[in-house]
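Presented below is the structure to which this report refers.
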Amino acid sequence: MPPHVWFCVSAVFHYLGPAFAVLLFAQVGVLGMAWLRIATAALIFAPLTRPWRVFARADRAQRLLLLAFGACLAVMNCSFYLALDRLPISLVAAIEFVGTIGVALVGLRSPRNFAALAVAVIGTLLLIDVKWSSDPAGLFWAFLNGALFVGYIVIGHRIAQTGIGIAGLGTAMAVAFLIVLPIGFGEALPAFSSPQLLIAAIGVGVCSSVIPYICDQFAMVRLPRASFALMLSLLPLTATLIGVIVLRQVPSVSDCTGIALVIAGVAMHRPGAV
């Protein structure tokens, strides 16, 4: 399939997972939910990618890349949920998108692409309706998540270009699981005594860290890094659509204008070489 199709699938699931995860914070805690999300993904990837073999066969540079990717995934997921627990998702999304603008700017090479980025950014700002908060701890976690999201794009793109792709993702997820293992296990324990809660948590893990990350790898291997970063401006669009379908939240005129501008910006962009 074209890389844009893989990206659109990832964009849909990017917000489905967090929408369900927030509902589970009261039962398993914030870090417990992060632990369950990463554990689910690691256990699903393990028999498919055999991370121990991938790591053993990798050279020194690849091993460092895999370790860095795993650490990034672990801390990014934890900080994302810690931010969501204290701040509106619109503000967390706004801060997350700020870093991707910088990634997109690095790879832009034409006035057309600069114009495309400007249009997409304006549309995104209309959609997310940024509201600052007086919660310094929440802002800290949100900015940390935004910085690590840039790391996810940069390191994930390098993983995709090395050819180890999904196998590398599975290995990095195993590393992430080892990092969070002692952090959120205590909060996650209630899920193991409630089958319904455990199934819900597994569903969040699949929606948040399996389907979108796999689709991202398929998209990254065929898209330049700047193009992938620019297409991330579609995430507020998918969040709005999920809000309409799942939460019955009808978008305002401003939201519809933002959606139109984001689509126009992405349509205007012309990717360069991978």
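Residues in the structure tokens are numbered from 1 in each chain, the chains being A, B, ... in the order shown, and ligands are numbered from 1 in the order shown.
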Surrounding residues of range 252-260 of chain A excluding itself and chain neighbours under 6 positions, 7 Å, only C-alpha atoms, as a list of chain:residue names: A:Gly123, A:Thr124, A:Leu126, A:Leu127, A:Leu237
Same residues, N, CA, C and O atoms, output as an mmCIF file, in the first residue's frame:
```
data_model
loop_
_atom_site.group_PDB
_atom_site.id
_atom_site.type_symbol
_atom_site.label_atom_id
_atom_site.label_comp_id
_atom_site.auth_asym_id
_atom_site.auth_seq_id
_atom_site.Cartn_x
_atom_site.Cartn_y
_atom_site.Cartn_z
ATOM 1 N N GLY A 123 -3.976 25.488 10.354
ATOM 2 C CA GLY A 123 -5.121 24.605 10.514
ATOM 3 C C GLY A 123 -5.078 23.845 11.826
ATOM 4 O O GLY A 123 -6.097 23.692 12.515
ATOM 5 N N THR A 124 -3.882 23.386 12.207
ATOM 6 C CA THR A 124 -3.726 22.645 13.461
ATOM 7 C C THR A 124 -4.026 23.527 14.662
ATOM 8 O O THR A 124 -4.706 23.109 15.611
ATOM 9 N N LEU A 126 -6.008 26.056 14.792
ATOM 10 C CA LEU A 126 -7.460 26.250 14.861
ATOM 11 C C LEU A 126 -8.144 25.034 15.476
ATOM 12 O O LEU A 126 -9.130 25.155 16.213
ATOM 13 N N LEU A 127 -7.604 23.867 15.174
ATOM 14 C CA LEU A 127 -8.224 22.628 15.663
ATOM 15 C C LEU A 127 -7.990 22.400 17.151
ATOM 16 O O LEU A 127 -8.908 22.027 17.887
ATOM 17 N N LEU A 237 -6.871 16.242 13.020
ATOM 18 C CA LEU A 237 -8.015 15.918 12.173
ATOM 19 C C LEU A 237 -8.621 14.581 12.594
ATOM 20 O O LEU A 237 -9.840 14.454 12.755
#
```
For the structure I just gave you, how does DSSP split range 50-246 of chain A - specifically, which residues are alpha helix (DSSP H)? Reply as a PyMOL selection string. chain A and resi 51-57+60-84+89-107+111-128+136-162+165-188+195-205+211-220+225-231+235-246
Please provide the set of residues having any atom within 7 Å of range 166-174 of chain A, restricted to only C-alpha atoms, with same-chain residues fewer than 2 positions apart removed, written as an mmCIF file with N, CA and C atoms, in the first residue's frame.
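Below is the file that was written, selection05.cif:
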```
data_model
loop_
_atom_site.group_PDB
_atom_site.id
_atom_site.type_symbol
_atom_site.label_atom_id
_atom_site.label_comp_id
_atom_site.auth_asym_id
_atom_site.auth_seq_id
_atom_site.Cartn_x
_atom_site.Cartn_y
_atom_site.Cartn_z
ATOM 1 N N ALA A 41 2.355 -4.535 24.158
ATOM 2 C CA ALA A 41 3.059 -4.437 22.884
ATOM 3 C C ALA A 41 4.298 -5.337 22.865
ATOM 4 N N ALA A 42 5.052 -5.331 23.969
ATOM 5 C CA ALA A 42 6.274 -6.146 24.030
ATOM 6 C C ALA A 42 5.953 -7.630 23.909
ATOM 7 N N PHE A 45 4.914 -8.425 20.260
ATOM 8 C CA PHE A 45 6.027 -8.376 19.314
ATOM 9 C C PHE A 45 7.034 -9.512 19.539
ATOM 10 N N ALA A 46 7.204 -9.955 20.789
ATOM 11 C CA ALA A 46 8.272 -10.898 21.132
ATOM 12 C C ALA A 46 8.279 -12.165 20.278
ATOM 13 N N THR A 49 8.986 -11.107 16.410
ATOM 14 C CA THR A 49 10.247 -10.487 15.997
ATOM 15 C C THR A 49 11.480 -11.092 16.667
ATOM 16 N N PRO A 51 13.186 -10.497 19.640
ATOM 17 C CA PRO A 51 14.111 -9.383 19.883
ATOM 18 C C PRO A 51 15.486 -9.809 20.368
ATOM 19 N N VAL A 54 17.482 -10.456 17.273
ATOM 20 C CA VAL A 54 17.764 -9.209 16.554
ATOM 21 C C VAL A 54 18.895 -8.456 17.237
ATOM 22 N N PHE A 55 18.834 -8.369 18.570
ATOM 23 C CA PHE A 55 19.858 -7.629 19.311
ATOM 24 C C PHE A 55 21.201 -8.335 19.222
ATOM 25 N N LEU A 66 18.878 0.825 18.886
ATOM 26 C CA LEU A 66 17.753 0.089 19.471
ATOM 27 C C LEU A 66 17.560 0.442 20.942
ATOM 28 N N LEU A 67 18.660 0.582 21.671
ATOM 29 C CA LEU A 67 18.571 0.966 23.076
ATOM 30 C C LEU A 67 17.998 2.372 23.231
ATOM 31 N N PHE A 69 16.059 3.908 21.060
ATOM 32 C CA PHE A 69 14.657 3.872 20.656
ATOM 33 C C PHE A 69 13.790 3.303 21.783
ATOM 34 N N GLY A 70 14.267 2.258 22.429
ATOM 35 C CA GLY A 70 13.524 1.666 23.536
ATOM 36 C C GLY A 70 13.365 2.629 24.705
ATOM 37 N N ILE A 159 15.672 3.726 12.177
ATOM 38 C CA ILE A 159 15.426 2.284 12.302
ATOM 39 C C ILE A 159 14.815 1.749 11.012
ATOM 40 N N ILE A 164 15.869 -2.963 9.392
ATOM 41 C CA ILE A 164 15.411 -3.896 10.430
ATOM 42 C C ILE A 164 13.970 -3.604 10.845
ATOM 43 N N ALA A 176 12.004 -1.133 26.111
ATOM 44 C CA ALA A 176 11.098 -0.230 26.823
ATOM 45 C C ALA A 176 10.410 -0.949 27.985
ATOM 46 N N PHE A 177 10.028 -2.198 27.755
ATOM 47 C CA PHE A 177 9.359 -2.965 28.809
ATOM 48 C C PHE A 177 10.299 -3.195 29.989
ATOM 49 N N LEU A 178 11.554 -3.499 29.719
ATOM 50 C CA LEU A 178 12.523 -3.705 30.797
ATOM 51 C C LEU A 178 12.719 -2.422 31.611
ATOM 52 N N ILE A 214 3.560 -0.052 14.035
ATOM 53 C CA ILE A 214 3.842 -0.864 12.853
ATOM 54 C C ILE A 214 3.563 -0.063 11.587
ATOM 55 N N GLN A 217 6.253 2.469 10.857
ATOM 56 C CA GLN A 217 7.454 1.901 10.253
ATOM 57 C C GLN A 217 7.271 1.691 8.752
#
```
Counting only C-alpha atoms, which residues in range 20-67 of chain A sit no more than 10 Å from range 182-196 of chain A? For each one, give the nearest pair of atoms and the distance in Å, sorted by chain then residue number, as CSV.
```
residue,atom,partner,partner_atom,distance
A:Leu24,CA,A:Ala191,CA,9.8
A:Phe25,CA,A:Glu187,CA,9.8
A:Gln27,CA,A:Pro190,CA,7.2
A:Val28,CA,A:Ala188,CA,5.2
A:Gly29,CA,A:Glu187,CA,5.6
A:Val30,CA,A:Glu187,CA,7.9
A:Leu31,CA,A:Gly184,CA,4.8
A:Gly32,CA,A:Ala188,CA,4.1
A:Met33,CA,A:Ala188,CA,6.5
A:Ala34,CA,A:Gly184,CA,7.1
A:Trp35,CA,A:Gly184,CA,5.2
A:Leu36,CA,A:Ala188,CA,6.6
A:Ala39,CA,A:Phe185,CA,9.8
```
Among listed residues A:Phe140, A:Phe7, A:Phe114, A:Tyr81, nearest Phe218 in chain A (using only C-alpha atoms): A:Phe7
Find the spatial neighbours of Pro3 in chain A, counting only C-alpha atoms, within a cut-off of 12 Å - ignore same-chain residues fewer than 6 positions away - and output them as a ChimeraX atom specification. /A:9-10,214-224,227-228,231,271,274
Could the residues in this selection be written to a file with all heavy atoms, as a CSV table (one decimal), in the first residue's frame?
```csv
chain,number,residue,atom,x,y,z
A,9,VAL,N,-3.9,5.0,8.7
A,9,VAL,CA,-4.3,4.0,9.7
A,9,VAL,C,-3.6,4.3,11.1
A,9,VAL,O,-4.3,4.2,12.1
A,9,VAL,CB,-3.9,2.6,9.2
A,9,VAL,CG1,-4.1,1.6,10.3
A,9,VAL,CG2,-4.6,2.3,7.9
A,10,SER,N,-2.4,4.7,11.1
A,10,SER,CA,-1.7,5.0,12.3
A,10,SER,C,-2.3,6.2,13.0
A,10,SER,O,-2.5,6.2,14.2
A,10,SER,CB,-0.2,5.3,12.0
A,10,SER,OG,0.4,5.9,13.2
A,214,ILE,N,3.6,-0.1,14.0
A,214,ILE,CA,3.8,-0.9,12.9
A,214,ILE,C,3.6,-0.1,11.6
A,214,ILE,O,4.4,0.0,10.6
A,214,ILE,CB,3.0,-2.2,12.9
A,214,ILE,CG1,3.5,-3.1,13.9
A,214,ILE,CG2,3.0,-2.8,11.5
A,214,ILE,CD1,2.7,-4.4,14.1
A,215,CYS,N,2.4,0.6,11.6
A,215,CYS,CA,2.1,1.4,10.4
A,215,CYS,C,3.1,2.5,10.2
A,215,CYS,O,3.4,2.9,9.0
A,215,CYS,CB,0.7,2.0,10.5
A,215,CYS,SG,-0.6,0.7,10.5
A,216,ASP,N,3.5,3.1,11.3
A,216,ASP,CA,4.6,4.2,11.2
A,216,ASP,C,5.8,3.7,10.5
A,216,ASP,O,6.4,4.4,9.7
A,216,ASP,CB,4.9,4.8,12.5
A,216,ASP,CG,3.8,5.7,13.1
A,216,ASP,OD1,3.0,6.1,12.3
A,216,ASP,OD2,3.9,6.1,14.3
A,217,GLN,N,6.3,2.5,10.9
A,217,GLN,CA,7.5,1.9,10.3
A,217,GLN,C,7.3,1.7,8.8
A,217,GLN,O,8.2,2.0,8.0
A,217,GLN,CB,7.8,0.6,10.9
A,217,GLN,CG,8.5,0.7,12.3
A,217,GLN,CD,9.8,1.4,12.2
A,217,GLN,OE1,10.7,1.0,11.4
A,217,GLN,NE2,10.1,2.4,13.0
A,218,PHE,N,6.1,1.2,8.4
A,218,PHE,CA,5.8,1.0,6.9
A,218,PHE,C,5.8,2.3,6.2
A,218,PHE,O,6.2,2.4,5.0
A,218,PHE,CB,4.5,0.3,6.7
A,218,PHE,CG,4.6,-1.2,7.0
A,218,PHE,CD1,3.6,-1.8,7.7
A,218,PHE,CD2,5.6,-2.0,6.6
A,218,PHE,CE1,3.6,-3.2,8.0
A,218,PHE,CE2,5.7,-3.3,6.8
A,218,PHE,CZ,4.7,-3.9,7.5
A,219,ALA,N,5.3,3.4,6.9
A,219,ALA,CA,5.3,4.7,6.2
A,219,ALA,C,6.7,5.4,6.2
A,219,ALA,O,7.1,5.9,5.2
A,219,ALA,CB,4.3,5.6,7.0
A,220,MET,N,7.4,5.2,7.3
A,220,MET,CA,8.7,5.9,7.4
A,220,MET,C,9.7,5.3,6.4
A,220,MET,O,10.6,6.1,5.9
A,220,MET,CB,9.3,5.7,8.8
A,220,MET,CG,8.7,6.5,9.9
A,220,MET,SD,9.3,6.1,11.5
A,220,MET,CE,8.5,7.4,12.5
A,221,VAL,N,9.6,4.0,6.1
A,221,VAL,CA,10.6,3.5,5.2
A,221,VAL,C,10.5,4.0,3.8
A,221,VAL,O,11.4,3.9,3.0
A,221,VAL,CB,10.5,1.9,5.2
A,221,VAL,CG1,9.3,1.4,4.4
A,221,VAL,CG2,11.8,1.2,4.7
A,222,ARG,N,9.3,4.6,3.4
A,222,ARG,CA,9.1,5.1,2.1
A,222,ARG,C,8.8,6.6,2.0
A,222,ARG,O,8.6,7.2,1.0
A,222,ARG,CB,7.9,4.4,1.5
A,222,ARG,CG,8.1,2.9,1.3
A,222,ARG,CD,6.9,2.1,0.9
A,222,ARG,NE,6.4,2.6,-0.4
A,222,ARG,CZ,5.2,2.2,-0.9
A,222,ARG,NH1,4.5,1.4,-0.3
A,222,ARG,NH2,4.9,2.7,-2.1
A,223,LEU,N,8.8,7.3,3.2
A,223,LEU,CA,8.6,8.7,3.2
A,223,LEU,C,9.9,9.4,3.8
A,223,LEU,O,10.4,8.9,4.8
A,223,LEU,CB,7.4,9.1,4.1
A,223,LEU,CG,6.0,8.9,3.5
A,223,LEU,CD1,5.0,9.2,4.6
A,223,LEU,CD2,5.8,9.8,2.3
A,224,PRO,N,10.3,10.6,3.2
A,224,PRO,CA,11.3,11.4,3.9
A,224,PRO,C,10.9,11.8,5.3
A,224,PRO,O,9.7,11.9,5.5
A,224,PRO,CB,11.4,12.6,2.9
A,224,PRO,CG,10.8,12.2,1.7
A,224,PRO,CD,9.8,11.2,2.0
A,227,SER,N,8.6,14.8,5.4
A,227,SER,CA,7.3,14.6,4.9
A,227,SER,C,6.5,13.9,6.0
A,227,SER,O,5.3,14.2,6.2
A,227,SER,CB,7.3,13.7,3.6
A,227,SER,OG,8.0,14.4,2.6
A,228,PHE,N,7.1,12.9,6.7
A,228,PHE,CA,6.4,12.2,7.7
A,228,PHE,C,6.0,13.2,8.8
A,228,PHE,O,4.9,13.2,9.4
A,228,PHE,CB,7.2,11.1,8.3
A,228,PHE,CG,6.6,10.3,9.3
A,228,PHE,CD1,5.7,9.2,9.0
A,228,PHE,CD2,6.8,10.5,10.7
A,228,PHE,CE1,5.1,8.5,10.0
A,228,PHE,CE2,6.1,9.8,11.7
A,228,PHE,CZ,5.3,8.7,11.3
A,231,MET,N,3.1,15.3,7.8
A,231,MET,CA,1.8,14.6,7.8
A,231,MET,C,1.2,14.4,9.2
A,231,MET,O,0.0,14.1,9.4
A,231,MET,CB,2.0,13.3,7.1
A,231,MET,CG,2.2,13.4,5.6
A,231,MET,SD,2.1,11.8,4.8
A,231,MET,CE,0.4,11.4,5.0
A,271,PRO,N,6.9,15.7,-1.4
A,271,PRO,CA,8.1,15.0,-0.7
A,271,PRO,C,9.3,15.0,-1.6
A,271,PRO,O,9.2,14.9,-2.8
A,271,PRO,CB,7.5,13.6,-0.4
A,271,PRO,CG,6.5,13.4,-1.4
A,271,PRO,CD,5.8,14.7,-1.6
A,274,VAL,N,13.7,10.0,-0.2
A,274,VAL,CA,13.7,9.3,1.1
A,274,VAL,C,15.0,9.4,1.8
A,274,VAL,O,16.0,9.2,1.2
A,274,VAL,CB,13.2,7.9,1.0
A,274,VAL,CG1,13.3,7.2,2.3
A,274,VAL,CG2,11.8,7.8,0.4
```
Which is closest to Phe149 in chain A among A:Leu232, A:Ala115, A:Leu125, A:Ala58, if we use only C-alpha atoms?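 Of A:Leu232, A:Ala115, A:Leu125, A:Ala58, the one nearest Phe149 in chain A is A:Leu232, counting only C-alpha atoms.
If you measure from each of A:Ile153, A:Met1, A:Val175, A:Leu117 to Arg225 in chain A using only C-alpha atoms, the closest one turns out to be A:Ile153.
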One-decimal distance in Å that lies between CA of Thr238 in chain A and CA of Ile122 in chain A: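 Between these atoms lies a distance of 16.3 Å.
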At a cut-off of 10 Å, using only C-alpha atoms, what residues contact range 15-23 of chain A? Leave out same-chain residues fewer than 5 positions from it and give the result as a ChimeraX atom specification. /A:10,28-30,33-34,37,80-81,84-85,89,200-201,203-209,212,235-236,238-240,242-243,246-247
So which one's closest to Ala160 in chain A, A:Leu65, A:Ala142, A:Leu241, A:Val121? Using only C-alpha atoms, please.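 Result for the nearest residue to Ala160 in chain A: A:Leu65.
With only C-alpha atoms as the atoms that count, the minimum distance from Gly156 in chain A to the choices A:Ala68, A:Ile202, A:His4, A:Ser110 is reached by A:Ala68.
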